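final-v4.cif follows; it contains mmCIF, C-alpha atoms.
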```cif
data_input
loop_
_atom_site.group_PDB
_atom_site.id
_atom_site.type_symbol
_atom_site.label_atom_id
_atom_site.label_comp_id
_atom_site.auth_asym_id
_atom_site.auth_seq_id
_atom_site.Cartn_x
_atom_site.Cartn_y
_atom_site.Cartn_z
ATOM 1 C CA MET A 1 -3.746 3.404 29.711
ATOM 2 C CA ASN A 2 -4.617 4.669 26.230
ATOM 3 C CA ALA A 3 -8.220 5.590 25.504
ATOM 4 C CA PRO A 4 -9.962 3.304 23.001
ATOM 5 C CA GLU A 5 -9.898 4.582 19.443
ATOM 6 C CA SER A 6 -13.133 6.045 18.132
ATOM 7 C CA SER A 7 -15.067 4.399 15.316
ATOM 8 C CA PRO A 8 -13.867 5.130 11.784
ATOM 9 C CA GLN A 9 -15.601 7.591 9.524
ATOM 10 C CA PHE A 10 -17.079 6.723 6.128
ATOM 11 C CA LEU A 11 -17.141 8.187 2.645
ATOM 12 C CA ALA A 12 -19.695 6.906 0.135
ATOM 13 C CA ARG A 13 -18.495 5.927 -3.315
ATOM 14 C CA ALA A 14 -20.524 6.887 -6.386
ATOM 15 C CA ASP A 15 -22.333 3.527 -6.143
ATOM 16 C CA GLY A 16 -23.247 4.170 -2.493
ATOM 17 C CA LEU A 17 -20.828 1.663 -0.937
ATOM 18 C CA ARG A 18 -19.160 3.228 2.118
ATOM 19 C CA LEU A 19 -15.380 3.300 2.528
ATOM 20 C CA ALA A 20 -13.959 3.461 6.050
ATOM 21 C CA TYR A 21 -11.168 5.855 6.921
ATOM 22 C CA ARG A 22 -9.409 7.662 9.753
ATOM 23 C CA HIS A 23 -8.239 11.193 8.928
ATOM 24 C CA ARG A 24 -5.934 12.970 11.351
ATOM 25 C CA PRO A 25 -5.798 16.753 10.801
ATOM 26 C CA GLY A 26 -2.447 18.463 11.061
ATOM 27 C CA GLN A 27 0.450 20.009 9.216
ATOM 28 C CA GLY A 28 0.910 18.888 5.624
ATOM 29 C CA PRO A 29 1.943 17.080 3.539
ATOM 30 C CA THR A 30 -0.683 14.474 4.406
ATOM 31 C CA ILE A 31 0.757 11.010 5.016
ATOM 32 C CA LEU A 32 -1.405 8.354 3.310
ATOM 33 C CA PHE A 33 -0.999 4.718 4.374
ATOM 34 C CA LEU A 34 -1.999 2.046 1.846
ATOM 35 C CA PRO A 35 -2.425 -1.454 3.336
ATOM 36 C CA GLY A 36 -1.446 -4.688 1.677
ATOM 37 C CA TYR A 37 -3.570 -7.511 0.288
ATOM 38 C CA MET A 38 -6.120 -8.804 2.818
ATOM 39 C CA SER A 39 -4.902 -6.173 5.279
ATOM 40 C CA ASP A 40 -6.465 -3.012 6.664
ATOM 41 C CA MET A 41 -5.740 0.316 8.338
ATOM 42 C CA GLU A 42 -5.436 -1.231 11.816
ATOM 43 C CA GLY A 43 -2.120 -2.964 11.130
ATOM 44 C CA SER A 44 0.829 -2.304 13.414
ATOM 45 C CA LYS A 45 2.784 -0.202 10.909
ATOM 46 C CA ALA A 46 -0.200 1.999 10.102
ATOM 47 C CA ILE A 47 -1.042 2.527 13.779
ATOM 48 C CA ALA A 48 2.568 3.271 14.737
ATOM 49 C CA LEU A 49 2.975 5.773 11.913
ATOM 50 C CA ASP A 50 -0.324 7.417 12.831
ATOM 51 C CA ALA A 51 0.742 7.722 16.468
ATOM 52 C CA TRP A 52 3.992 9.369 15.361
ATOM 53 C CA ALA A 53 2.051 11.729 13.086
ATOM 54 C CA GLY A 54 -0.104 12.714 16.045
ATOM 55 C CA GLU A 55 2.936 13.440 18.194
ATOM 56 C CA GLN A 56 4.416 15.572 15.418
ATOM 57 C CA GLY A 57 1.197 17.405 14.554
ATOM 58 C CA ARG A 58 1.246 15.866 11.067
ATOM 59 C CA ALA A 59 -1.801 15.169 8.917
ATOM 60 C CA MET A 60 -2.429 11.507 8.121
ATOM 61 C CA LEU A 61 -5.069 9.463 6.316
ATOM 62 C CA ARG A 62 -5.608 5.748 6.847
ATOM 63 C CA LEU A 63 -8.162 3.812 4.822
ATOM 64 C CA ASP A 64 -9.729 0.452 4.099
ATOM 65 C CA TYR A 65 -10.394 -0.582 0.527
ATOM 66 C CA ALA A 66 -13.889 -1.883 -0.286
ATOM 67 C CA GLY A 67 -14.404 -5.336 1.203
ATOM 68 C CA CYS A 68 -11.498 -4.880 3.621
ATOM 69 C CA GLY A 69 -11.446 -3.939 7.299
ATOM 70 C CA ALA A 70 -14.377 -1.710 8.249
ATOM 71 C CA SER A 71 -15.363 -0.778 4.685
ATOM 72 C CA GLU A 72 -18.505 -2.150 3.126
ATOM 73 C CA GLY A 73 -18.489 -4.616 0.258
ATOM 74 C CA ARG A 74 -17.184 -8.112 -0.434
ATOM 75 C CA PHE A 75 -13.448 -8.742 -0.512
ATOM 76 C CA GLU A 76 -13.840 -11.096 -3.469
ATOM 77 C CA ASP A 77 -15.321 -8.278 -5.570
ATOM 78 C CA GLY A 78 -12.129 -6.234 -5.201
ATOM 79 C CA THR A 79 -9.600 -5.722 -7.970
ATOM 80 C CA LEU A 80 -6.373 -3.781 -8.106
ATOM 81 C CA ALA A 81 -8.003 -1.058 -10.211
ATOM 82 C CA ASN A 82 -11.052 -0.850 -7.939
ATOM 83 C CA TRP A 83 -8.916 -0.477 -4.839
ATOM 84 C CA ARG A 84 -6.764 2.151 -6.539
ATOM 85 C CA ASP A 85 -9.940 4.045 -7.332
ATOM 86 C CA ASP A 86 -11.148 3.691 -3.726
ATOM 87 C CA ALA A 87 -7.935 5.335 -2.527
ATOM 88 C CA LEU A 88 -8.246 8.080 -5.150
ATOM 89 C CA ALA A 89 -11.845 8.789 -4.089
ATOM 90 C CA LEU A 90 -10.702 9.269 -0.480
ATOM 91 C CA ILE A 91 -7.702 11.359 -1.544
ATOM 92 C CA ASP A 92 -9.832 13.621 -3.712
ATOM 93 C CA GLY A 93 -12.684 13.840 -1.229
ATOM 94 C CA LEU A 94 -10.759 14.354 1.992
ATOM 95 C CA THR A 95 -7.339 15.879 1.336
ATOM 96 C CA GLN A 96 -5.801 18.964 -0.183
ATOM 97 C CA GLY A 97 -2.212 19.791 -1.035
ATOM 98 C CA PRO A 98 0.770 17.463 -1.241
ATOM 99 C CA LEU A 99 0.727 13.825 -0.179
ATOM 100 C CA LEU A 100 3.384 11.399 1.034
ATOM 101 C CA LEU A 101 2.345 7.878 0.076
ATOM 102 C CA VAL A 102 3.348 4.923 2.249
ATOM 103 C CA GLY A 103 2.388 1.554 0.773
ATOM 104 C CA SER A 104 2.886 -1.917 2.233
ATOM 105 C CA SER A 105 3.216 -4.918 -0.137
ATOM 106 C CA MET A 106 0.280 -4.605 -2.584
ATOM 107 C CA GLY A 107 -0.163 -1.106 -1.131
ATOM 108 C CA GLY A 108 3.256 -0.289 -2.576
ATOM 109 C CA TRP A 109 1.969 -1.253 -6.042
ATOM 110 C CA LEU A 110 -1.110 0.898 -5.444
ATOM 111 C CA ALA A 111 1.101 3.788 -4.288
ATOM 112 C CA LEU A 112 2.924 3.686 -7.624
ATOM 113 C CA LEU A 113 -0.372 3.630 -9.538
ATOM 114 C CA ILE A 114 -1.722 6.526 -7.469
ATOM 115 C CA ALA A 115 1.458 8.541 -8.044
ATOM 116 C CA LEU A 116 0.974 8.025 -11.772
ATOM 117 C CA ALA A 117 -2.677 9.097 -11.515
ATOM 118 C CA ARG A 118 -2.031 12.209 -9.366
ATOM 119 C CA PRO A 119 1.541 13.283 -10.211
ATOM 120 C CA ASP A 120 0.995 16.892 -9.115
ATOM 121 C CA ARG A 121 -0.113 15.830 -5.629
ATOM 122 C CA ILE A 122 2.608 13.371 -4.654
ATOM 123 C CA MET A 123 5.742 14.774 -2.960
ATOM 124 C CA GLY A 124 7.229 11.425 -1.975
ATOM 125 C CA LEU A 125 6.623 7.690 -1.811
ATOM 126 C CA VAL A 126 7.735 4.966 0.600
ATOM 127 C CA GLY A 127 7.320 1.310 -0.322
ATOM 128 C CA ILE A 128 7.452 -1.370 2.383
ATOM 129 C CA ALA A 129 8.113 -4.708 0.649
ATOM 130 C CA ALA A 130 6.380 -3.128 -2.333
ATOM 131 C CA ALA A 131 4.986 -5.766 -4.689
ATOM 132 C CA PRO A 132 4.352 -4.287 -8.133
ATOM 133 C CA ASP A 133 3.378 -6.872 -10.753
ATOM 134 C CA PHE A 134 2.981 -9.683 -8.217
ATOM 135 C CA THR A 135 0.237 -11.200 -10.377
ATOM 136 C CA GLU A 136 3.031 -11.893 -12.874
ATOM 137 C CA TRP A 137 6.048 -13.019 -10.838
ATOM 138 C CA GLY A 138 4.097 -14.383 -7.854
ATOM 139 C CA PHE A 139 2.014 -16.946 -9.749
ATOM 140 C CA THR A 140 3.113 -20.241 -11.274
ATOM 141 C CA ASP A 141 1.724 -21.638 -14.500
ATOM 142 C CA ALA A 142 -0.302 -24.067 -12.370
ATOM 143 C CA ASP A 143 -1.748 -21.145 -10.404
ATOM 144 C CA LYS A 144 -2.755 -19.385 -13.604
ATOM 145 C CA ALA A 145 -4.360 -22.573 -14.959
ATOM 146 C CA LEU A 146 -6.348 -22.989 -11.742
ATOM 147 C CA LEU A 147 -7.548 -19.403 -11.928
ATOM 148 C CA ALA A 148 -8.623 -19.928 -15.520
ATOM 149 C CA THR A 149 -10.614 -23.080 -14.713
ATOM 150 C CA GLU A 150 -11.909 -22.379 -11.188
ATOM 151 C CA GLY A 151 -11.975 -18.573 -11.163
ATOM 152 C CA ARG A 152 -10.217 -18.413 -7.785
ATOM 153 C CA ILE A 153 -7.395 -19.769 -5.634
ATOM 154 C CA GLU A 154 -7.620 -20.328 -1.878
ATOM 155 C CA GLU A 155 -4.431 -20.803 0.135
ATOM 156 C CA PRO A 156 -3.587 -20.825 3.848
ATOM 157 C CA THR A 157 -1.780 -17.736 5.096
ATOM 158 C CA PRO A 158 0.367 -17.130 8.196
ATOM 159 C CA TYR A 159 -1.017 -13.578 8.434
ATOM 160 C CA GLY A 160 -4.596 -14.361 9.503
ATOM 161 C CA ASP A 161 -7.313 -16.925 10.191
ATOM 162 C CA HIS A 162 -9.016 -16.701 6.805
ATOM 163 C CA PRO A 163 -7.641 -18.331 3.645
ATOM 164 C CA TYR A 164 -5.755 -16.179 1.162
ATOM 165 C CA VAL A 165 -8.198 -15.782 -1.719
ATOM 166 C CA THR A 166 -7.235 -14.603 -5.194
ATOM 167 C CA THR A 167 -9.909 -14.212 -7.856
ATOM 168 C CA LEU A 168 -9.501 -14.319 -11.603
ATOM 169 C CA ALA A 169 -10.821 -10.740 -11.777
ATOM 170 C CA PHE A 170 -8.115 -9.521 -9.387
ATOM 171 C CA TRP A 171 -5.395 -11.361 -11.302
ATOM 172 C CA GLN A 172 -6.594 -9.942 -14.627
ATOM 173 C CA SER A 173 -6.680 -6.432 -13.155
ATOM 174 C CA GLY A 174 -3.141 -6.855 -11.877
ATOM 175 C CA GLN A 175 -1.916 -8.048 -15.251
ATOM 176 C CA ALA A 176 -3.503 -5.007 -16.892
ATOM 177 C CA HIS A 177 -1.638 -2.654 -14.536
ATOM 178 C CA ARG A 178 1.874 -4.101 -14.592
ATOM 179 C CA LEU A 179 4.642 -1.545 -14.249
ATOM 180 C CA LEU A 180 8.001 -3.300 -14.374
ATOM 181 C CA ASP A 181 8.144 -3.925 -18.121
ATOM 182 C CA ASP A 182 8.690 -0.224 -18.893
ATOM 183 C CA ALA A 183 9.915 2.994 -17.308
ATOM 184 C CA ILE A 184 7.699 4.158 -14.434
ATOM 185 C CA ALA A 185 7.024 7.869 -15.015
ATOM 186 C CA ILE A 186 7.299 8.994 -11.397
ATOM 187 C CA ASP A 187 9.631 11.860 -10.550
ATOM 188 C CA CYS A 188 9.187 12.355 -6.790
ATOM 189 C CA PRO A 189 11.615 10.989 -4.175
ATOM 190 C CA VAL A 190 11.067 7.265 -3.564
ATOM 191 C CA ARG A 191 12.312 5.068 -0.721
ATOM 192 C CA LEU A 192 11.964 1.284 -0.923
ATOM 193 C CA LEU A 193 12.320 -0.688 2.327
ATOM 194 C CA GLN A 194 12.812 -4.386 1.657
ATOM 195 C CA GLY A 195 13.651 -7.371 3.823
ATOM 196 C CA GLN A 196 16.056 -9.903 2.349
ATOM 197 C CA CYS A 197 14.361 -12.738 4.272
ATOM 198 C CA ASP A 198 10.999 -11.863 2.719
ATOM 199 C CA THR A 199 9.424 -15.119 1.497
ATOM 200 C CA ASP A 200 6.575 -13.322 -0.316
ATOM 201 C CA VAL A 201 8.357 -10.562 -2.253
ATOM 202 C CA PRO A 202 11.871 -11.403 -3.515
ATOM 203 C CA TRP A 203 14.219 -8.587 -2.562
ATOM 204 C CA GLU A 204 15.286 -8.319 -6.200
ATOM 205 C CA ILE A 205 11.844 -6.815 -6.942
ATOM 206 C CA ALA A 206 12.878 -3.697 -5.009
ATOM 207 C CA LEU A 207 15.952 -3.362 -7.229
ATOM 208 C CA ARG A 208 13.894 -3.852 -10.394
ATOM 209 C CA THR A 209 11.418 -1.226 -9.197
ATOM 210 C CA ALA A 210 14.198 1.240 -8.412
ATOM 211 C CA ASP A 211 15.707 0.668 -11.842
ATOM 212 C CA ARG A 212 12.394 1.291 -13.624
ATOM 213 C CA LEU A 213 11.513 4.489 -11.736
ATOM 214 C CA ARG A 214 12.232 7.654 -13.718
ATOM 215 C CA SER A 215 13.013 9.655 -10.576
ATOM 216 C CA SER A 216 16.676 10.348 -9.910
ATOM 217 C CA ASP A 217 16.003 10.394 -6.150
ATOM 218 C CA VAL A 218 15.440 6.717 -5.397
ATOM 219 C CA GLN A 219 16.958 4.780 -2.508
ATOM 220 C CA THR A 220 16.555 1.065 -1.785
ATOM 221 C CA LEU A 221 17.133 0.063 1.834
ATOM 222 C CA LEU A 222 17.731 -3.684 2.232
ATOM 223 C CA ILE A 223 17.193 -5.138 5.722
ATOM 224 C CA LYS A 224 19.265 -8.321 5.736
ATOM 225 C CA ASP A 225 17.215 -10.160 8.382
ATOM 226 C CA GLY A 226 13.910 -8.479 7.544
ATOM 227 C CA ASP A 227 10.800 -10.496 6.694
ATOM 228 C CA HIS A 228 7.783 -9.509 4.615
ATOM 229 C CA ARG A 229 5.899 -7.652 7.298
ATOM 230 C CA LEU A 230 8.786 -5.475 8.553
ATOM 231 C CA SER A 231 6.802 -4.900 11.741
ATOM 232 C CA ARG A 232 9.499 -5.332 14.376
ATOM 233 C CA ASP A 233 10.292 -2.321 16.557
ATOM 234 C CA GLY A 234 13.472 -1.632 14.611
ATOM 235 C CA ASP A 235 11.677 -1.953 11.275
ATOM 236 C CA ILE A 236 8.987 0.494 12.349
ATOM 237 C CA ALA A 237 11.615 2.902 13.677
ATOM 238 C CA LEU A 238 13.317 2.764 10.257
ATOM 239 C CA LEU A 239 9.992 3.459 8.550
ATOM 240 C CA ILE A 240 9.342 6.486 10.744
ATOM 241 C CA ARG A 241 12.875 7.830 10.195
ATOM 242 C CA THR A 242 12.413 7.407 6.453
ATOM 243 C CA VAL A 243 9.076 9.244 6.444
ATOM 244 C CA ALA A 244 10.413 12.011 8.692
ATOM 245 C CA ALA A 245 13.439 12.567 6.459
ATOM 246 C CA LEU A 246 11.291 12.899 3.353
ATOM 247 C CA LEU A 247 8.990 15.369 5.083
ATOM 248 C CA ASP A 248 11.917 17.397 6.423
ATOM 249 C CA ASN A 249 13.601 17.604 3.010
ATOM 250 C CA ARG A 250 10.667 18.967 1.039
#
```
As C-alpha cells, how would this structure be written, given the file I've shared?
Amino acid sequence: MNAPESSPQFLARADGLRLAYRHRPGQGPTILFLPGYMSDMEGSKAIALDAWAGEQGRAMLRLDYAGCGASEGRFEDGTLANWRDDALALIDGLTQGPLLLVGSSMGGWLALLIALARPDRIMGLVGIAAAPDFTEWGFTDADKALLATEGRIEEPTPYGDHPYVTTLAFWQSGQAHRLLDDAIAIDCPVRLLQGQCDTDVPWEIALRTADRLRSSDVQTLLIKDGDHRLSRDGDIALLIRTVAALLDNR
C-alpha cells in the first residue's frame, strides 16, 4: 500500500497570497505540469506523470493556480494572465535550467504563453487537448452577451460537483491573449495530443495551433476515440512516452 502523500508546499506571491506546489528534485530538465480550467495538480495525468518522474529520477514541478486546489485565493478572481503569472512566479522561484512544459486544456494555452515569456528556458512543450483562444471559439454570441450583462456564466460540468464558472474578467483576459490569429513565436519541439471525440476542444484546434507555431519540430497526435480528458491508461501511457522521447532527444 502506498504511503499517503505529504502536504504541499507554498510560495507567497508579491501580494502575500500563497501558491501551493509539489516540487520533486531530480535530473533536469524539470517537467512542469499545468492543469486545466477548474482543475488542480492532483489530477490523474499529473499524478501519473509525477510517479513516472520519480521512478526515472526526473525533476518535476506541479502547481495550483491561485483560487484552485490547495492554493489560497478565490477562483472567481482568477484570469488567464494572473494564472500565467502564478506559474511564472513558481518557475522563477523554484527551478533552474531547462523546462519541459506539459499543459492540459487551458494549461496548454498557458504553456504556450509561458514559452513566449521564457523562451530561453523552455526545451519542449506537450499539449493535452490544448485550448488556446477558447474564449473566442468556445463562446457563442449569447454567452458573450450574458457575460456582458451579468458578469459571469455558470454551467453544469461533468468533471466535478461545482458549476463551471466563467467571469467577464477571465473572458476579457483570454481575449487579450489570443494566439491563433498570428504566428506563435515558439521554436522548441512541440507535441500536441488531441482526442477526436473531444466535445470541449474541437480536434481542428490542434491542427490550427500546429500551423501557427513557428517551430519546425511540431507533431500532432490524434487519438480517434479519445475524449477531452485523455486520462485512460492508454492515453496516459502515450503521454509518458511522448514526454520521455522529448527528454531523451535533447
Could you list the residues chosen by the PyMOL selection byres ((chain A and resi 38-48) around 10) in this structure as a PDB file with C-alpha atoms, keeping the file's coordinate frame?
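Dumped to selection-v9.pdb:
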```
ATOM      1  CA  ALA A  20     -13.959   3.461   6.050  1.00  0.00           C
ATOM      2  CA  TYR A  21     -11.168   5.855   6.921  1.00  0.00           C
ATOM      3  CA  ARG A  22      -9.409   7.662   9.753  1.00  0.00           C
ATOM      4  CA  LEU A  32      -1.405   8.354   3.310  1.00  0.00           C
ATOM      5  CA  PHE A  33      -0.999   4.718   4.374  1.00  0.00           C
ATOM      6  CA  LEU A  34      -1.999   2.046   1.846  1.00  0.00           C
ATOM      7  CA  PRO A  35      -2.425  -1.454   3.336  1.00  0.00           C
ATOM      8  CA  GLY A  36      -1.446  -4.688   1.677  1.00  0.00           C
ATOM      9  CA  TYR A  37      -3.570  -7.511   0.288  1.00  0.00           C
ATOM     10  CA  LEU A  49       2.975   5.773  11.913  1.00  0.00           C
ATOM     11  CA  ASP A  50      -0.324   7.417  12.831  1.00  0.00           C
ATOM     12  CA  ALA A  51       0.742   7.722  16.468  1.00  0.00           C
ATOM     13  CA  TRP A  52       3.992   9.369  15.361  1.00  0.00           C
ATOM     14  CA  ALA A  53       2.051  11.729  13.086  1.00  0.00           C
ATOM     15  CA  GLY A  54      -0.104  12.714  16.045  1.00  0.00           C
ATOM     16  CA  MET A  60      -2.429  11.507   8.121  1.00  0.00           C
ATOM     17  CA  LEU A  61      -5.069   9.463   6.316  1.00  0.00           C
ATOM     18  CA  ARG A  62      -5.608   5.748   6.847  1.00  0.00           C
ATOM     19  CA  LEU A  63      -8.162   3.812   4.822  1.00  0.00           C
ATOM     20  CA  ASP A  64      -9.729   0.452   4.099  1.00  0.00           C
ATOM     21  CA  TYR A  65     -10.394  -0.582   0.527  1.00  0.00           C
ATOM     22  CA  GLY A  67     -14.404  -5.336   1.203  1.00  0.00           C
ATOM     23  CA  CYS A  68     -11.498  -4.880   3.621  1.00  0.00           C
ATOM     24  CA  GLY A  69     -11.446  -3.939   7.299  1.00  0.00           C
ATOM     25  CA  ALA A  70     -14.377  -1.710   8.249  1.00  0.00           C
ATOM     26  CA  SER A  71     -15.363  -0.778   4.685  1.00  0.00           C
ATOM     27  CA  PHE A  75     -13.448  -8.742  -0.512  1.00  0.00           C
ATOM     28  CA  VAL A 102       3.348   4.923   2.249  1.00  0.00           C
ATOM     29  CA  GLY A 103       2.388   1.554   0.773  1.00  0.00           C
ATOM     30  CA  SER A 104       2.886  -1.917   2.233  1.00  0.00           C
ATOM     31  CA  SER A 105       3.216  -4.918  -0.137  1.00  0.00           C
ATOM     32  CA  MET A 106       0.280  -4.605  -2.584  1.00  0.00           C
ATOM     33  CA  GLY A 107      -0.163  -1.106  -1.131  1.00  0.00           C
ATOM     34  CA  ILE A 128       7.452  -1.370   2.383  1.00  0.00           C
ATOM     35  CA  TYR A 159      -1.017 -13.578   8.434  1.00  0.00           C
ATOM     36  CA  GLY A 160      -4.596 -14.361   9.503  1.00  0.00           C
ATOM     37  CA  HIS A 162      -9.016 -16.701   6.805  1.00  0.00           C
ATOM     38  CA  PRO A 163      -7.641 -18.331   3.645  1.00  0.00           C
ATOM     39  CA  TYR A 164      -5.755 -16.179   1.162  1.00  0.00           C
ATOM     40  CA  VAL A 165      -8.198 -15.782  -1.719  1.00  0.00           C
ATOM     41  CA  THR A 166      -7.235 -14.603  -5.194  1.00  0.00           C
ATOM     42  CA  ARG A 229       5.899  -7.652   7.298  1.00  0.00           C
ATOM     43  CA  LEU A 230       8.786  -5.475   8.553  1.00  0.00           C
ATOM     44  CA  SER A 231       6.802  -4.900  11.741  1.00  0.00           C
ATOM     45  CA  ARG A 232       9.499  -5.332  14.376  1.00  0.00           C
ATOM     46  CA  ASP A 233      10.292  -2.321  16.557  1.00  0.00           C
ATOM     47  CA  ASP A 235      11.677  -1.953  11.275  1.00  0.00           C
ATOM     48  CA  ILE A 236       8.987   0.494  12.349  1.00  0.00           C
ATOM     49  CA  ALA A 237      11.615   2.902  13.677  1.00  0.00           C
ATOM     50  CA  LEU A 239       9.992   3.459   8.550  1.00  0.00           C
ATOM     51  CA  ILE A 240       9.342   6.486  10.744  1.00  0.00           C
TER      52      ILE A 240
END
```
Applying the PyMOL selection byres ((chain A and resi 86) around 8) to the file I just gave you, which residues come out? Please list them as an mmCIF file with C-alpha atoms, in the frame of the given file.
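Result went into out_39.cif, see below:
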```
data_model
loop_
_atom_site.group_PDB
_atom_site.id
_atom_site.type_symbol
_atom_site.label_atom_id
_atom_site.label_comp_id
_atom_site.auth_asym_id
_atom_site.auth_seq_id
_atom_site.Cartn_x
_atom_site.Cartn_y
_atom_site.Cartn_z
ATOM 1 C CA ARG A 13 -18.495 5.927 -3.315
ATOM 2 C CA LEU A 19 -15.380 3.300 2.528
ATOM 3 C CA TYR A 65 -10.394 -0.582 0.527
ATOM 4 C CA ALA A 66 -13.889 -1.883 -0.286
ATOM 5 C CA ASN A 82 -11.052 -0.850 -7.939
ATOM 6 C CA TRP A 83 -8.916 -0.477 -4.839
ATOM 7 C CA ARG A 84 -6.764 2.151 -6.539
ATOM 8 C CA ASP A 85 -9.940 4.045 -7.332
ATOM 9 C CA ALA A 87 -7.935 5.335 -2.527
ATOM 10 C CA LEU A 88 -8.246 8.080 -5.150
ATOM 11 C CA ALA A 89 -11.845 8.789 -4.089
ATOM 12 C CA LEU A 90 -10.702 9.269 -0.480
#
```
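If you apply the PyMOL selection byres ((chain A and resi 152) around 9) to this structure, you end up with Leu146, Leu147, Ala148, Thr149, Glu150, Gly151, Ile153, Glu154, Val165, Thr166, Thr167, Leu168 and Ala169 of chain A.
Note that the spacing between atom CA of A:Ser215 and atom CA of A:Val190 amounts to 7.7 Å.
If you count only C-alpha atoms and ignore residues fewer than 4 places along the chain from A:Asp181, what sits within 12 Å of it is Pro132, Asp133, Glu136, Trp137, Gln175, Ala176, His177, Arg208, Thr209, Asp211, Arg212 and Leu213 of chain A.
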Output C-alpha atoms for every residue in the selection just made, as a PDB file, in the frame of the given file.
```pdb
ATOM      1  CA  PRO A 132       4.352  -4.287  -8.133  1.00  0.00           C
ATOM      2  CA  ASP A 133       3.378  -6.872 -10.753  1.00  0.00           C
ATOM      3  CA  GLU A 136       3.031 -11.893 -12.874  1.00  0.00           C
ATOM      4  CA  TRP A 137       6.048 -13.019 -10.838  1.00  0.00           C
ATOM      5  CA  GLN A 175      -1.916  -8.048 -15.251  1.00  0.00           C
ATOM      6  CA  ALA A 176      -3.503  -5.007 -16.892  1.00  0.00           C
ATOM      7  CA  HIS A 177      -1.638  -2.654 -14.536  1.00  0.00           C
ATOM      8  CA  ARG A 208      13.894  -3.852 -10.394  1.00  0.00           C
ATOM      9  CA  THR A 209      11.418  -1.226  -9.197  1.00  0.00           C
ATOM     10  CA  ASP A 211      15.707   0.668 -11.842  1.00  0.00           C
ATOM     11  CA  ARG A 212      12.394   1.291 -13.624  1.00  0.00           C
ATOM     12  CA  LEU A 213      11.513   4.489 -11.736  1.00  0.00           C
TER      13      LEU A 213
END
```
### Task
Quote the spacing between atom CA of A:Thr79 and atom CA of A:Gly226 in Å to one decimal place.
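Atom-to-atom, atom CA of A:Thr79 and atom CA of A:Gly226 are spaced 28.3 Å apart.
If only C-alpha atoms are the atoms counted, then among A:Asp217, A:Asp198, A:Asp143, A:Glu72 the closest residue to A:Phe10 is A:Glu72.
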### atom CA of A:Leu11 to atom CA of A:Leu100, distance in Å rounded to a single decimal
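Taking atom CA of A:Leu11 as the start and atom CA of A:Leu100 as the end point, the length is 20.8 Å.
You can rank A:Thr95, A:Ile31, A:Gly57, A:Asp120 by their closest distance to A:Ile186 using all atoms listed in the file, and at the top of that list sits A:Asp120.
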### Task
Have a look at A:Gly78, A:Gly234, A:Gly195, A:Gly108 and name the one nearest to A:Leu179; count all atoms listed in the file.
A:Gly108
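Each of A:Ala81, A:Ala59, A:Ala130, A:Ala185 was compared to A:Leu116 using all atoms listed in the file, and A:Ala185 turns out to be the nearest.
With only C-alpha atoms as the atoms that count, the residue of A:Ala210, A:Ala245, A:Val218, A:Ala129 with the shortest distance to A:Gln196 is A:Ala129.
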### Task
Go through A:Leu221, A:Ala244, A:Gly73, A:Leu99 and flag the residue nearest A:Arg18, using all atoms listed in the file for the distances.
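Closest to A:Arg18, using all atoms listed in the file: A:Gly73.
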With N, CA and C atoms as the goal, would you fill in the gaps in stretch 101-112 of chain A and present it as a PDB file, in the frame of the given file?
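Output (out.pdb):
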```pdb
ATOM      1  N   LEU A 101       2.946   9.204   0.118  1.00  0.00           N
ATOM      2  CA  LEU A 101       2.345   7.878   0.076  1.00  0.00           C
ATOM      3  C   LEU A 101       3.245   6.860   0.756  1.00  0.00           C
ATOM      4  N   VAL A 102       2.639   6.029   1.600  1.00  0.00           N
ATOM      5  CA  VAL A 102       3.348   4.923   2.249  1.00  0.00           C
ATOM      6  C   VAL A 102       2.546   3.666   1.963  1.00  0.00           C
ATOM      7  N   GLY A 103       3.121   2.744   1.176  1.00  0.00           N
ATOM      8  CA  GLY A 103       2.388   1.554   0.773  1.00  0.00           C
ATOM      9  C   GLY A 103       3.096   0.282   1.180  1.00  0.00           C
ATOM     10  N   SER A 104       2.347  -0.644   1.770  1.00  0.00           N
ATOM     11  CA  SER A 104       2.886  -1.917   2.233  1.00  0.00           C
ATOM     12  C   SER A 104       2.478  -3.036   1.283  1.00  0.00           C
ATOM     13  N   SER A 105       3.449  -3.774   0.739  1.00  0.00           N
ATOM     14  CA  SER A 105       3.216  -4.918  -0.137  1.00  0.00           C
ATOM     15  C   SER A 105       2.359  -4.505  -1.337  1.00  0.00           C
ATOM     16  N   MET A 106       1.136  -5.059  -1.489  1.00  0.00           N
ATOM     17  CA  MET A 106       0.280  -4.605  -2.584  1.00  0.00           C
ATOM     18  C   MET A 106       0.044  -3.108  -2.507  1.00  0.00           C
ATOM     19  N   GLY A 107       0.000  -2.549  -1.288  1.00  0.00           N
ATOM     20  CA  GLY A 107      -0.163  -1.106  -1.131  1.00  0.00           C
ATOM     21  C   GLY A 107       0.966  -0.326  -1.767  1.00  0.00           C
ATOM     22  N   GLY A 108       2.157  -0.935  -1.874  1.00  0.00           N
ATOM     23  CA  GLY A 108       3.256  -0.289  -2.576  1.00  0.00           C
ATOM     24  C   GLY A 108       3.000  -0.220  -4.073  1.00  0.00           C
ATOM     25  N   TRP A 109       2.386  -1.273  -4.631  1.00  0.00           N
ATOM     26  CA  TRP A 109       1.969  -1.253  -6.042  1.00  0.00           C
ATOM     27  C   TRP A 109       0.914  -0.171  -6.244  1.00  0.00           C
ATOM     28  N   LEU A 110      -0.074  -0.127  -5.345  1.00  0.00           N
ATOM     29  CA  LEU A 110      -1.110   0.898  -5.444  1.00  0.00           C
ATOM     30  C   LEU A 110      -0.518   2.297  -5.314  1.00  0.00           C
ATOM     31  N   ALA A 111       0.468   2.472  -4.442  1.00  0.00           N
ATOM     32  CA  ALA A 111       1.101   3.788  -4.288  1.00  0.00           C
ATOM     33  C   ALA A 111       1.711   4.249  -5.610  1.00  0.00           C
ATOM     34  N   LEU A 112       2.349   3.337  -6.321  1.00  0.00           N
ATOM     35  CA  LEU A 112       2.924   3.686  -7.624  1.00  0.00           C
ATOM     36  C   LEU A 112       1.831   4.068  -8.615  1.00  0.00           C
TER      37      LEU A 112
END
```
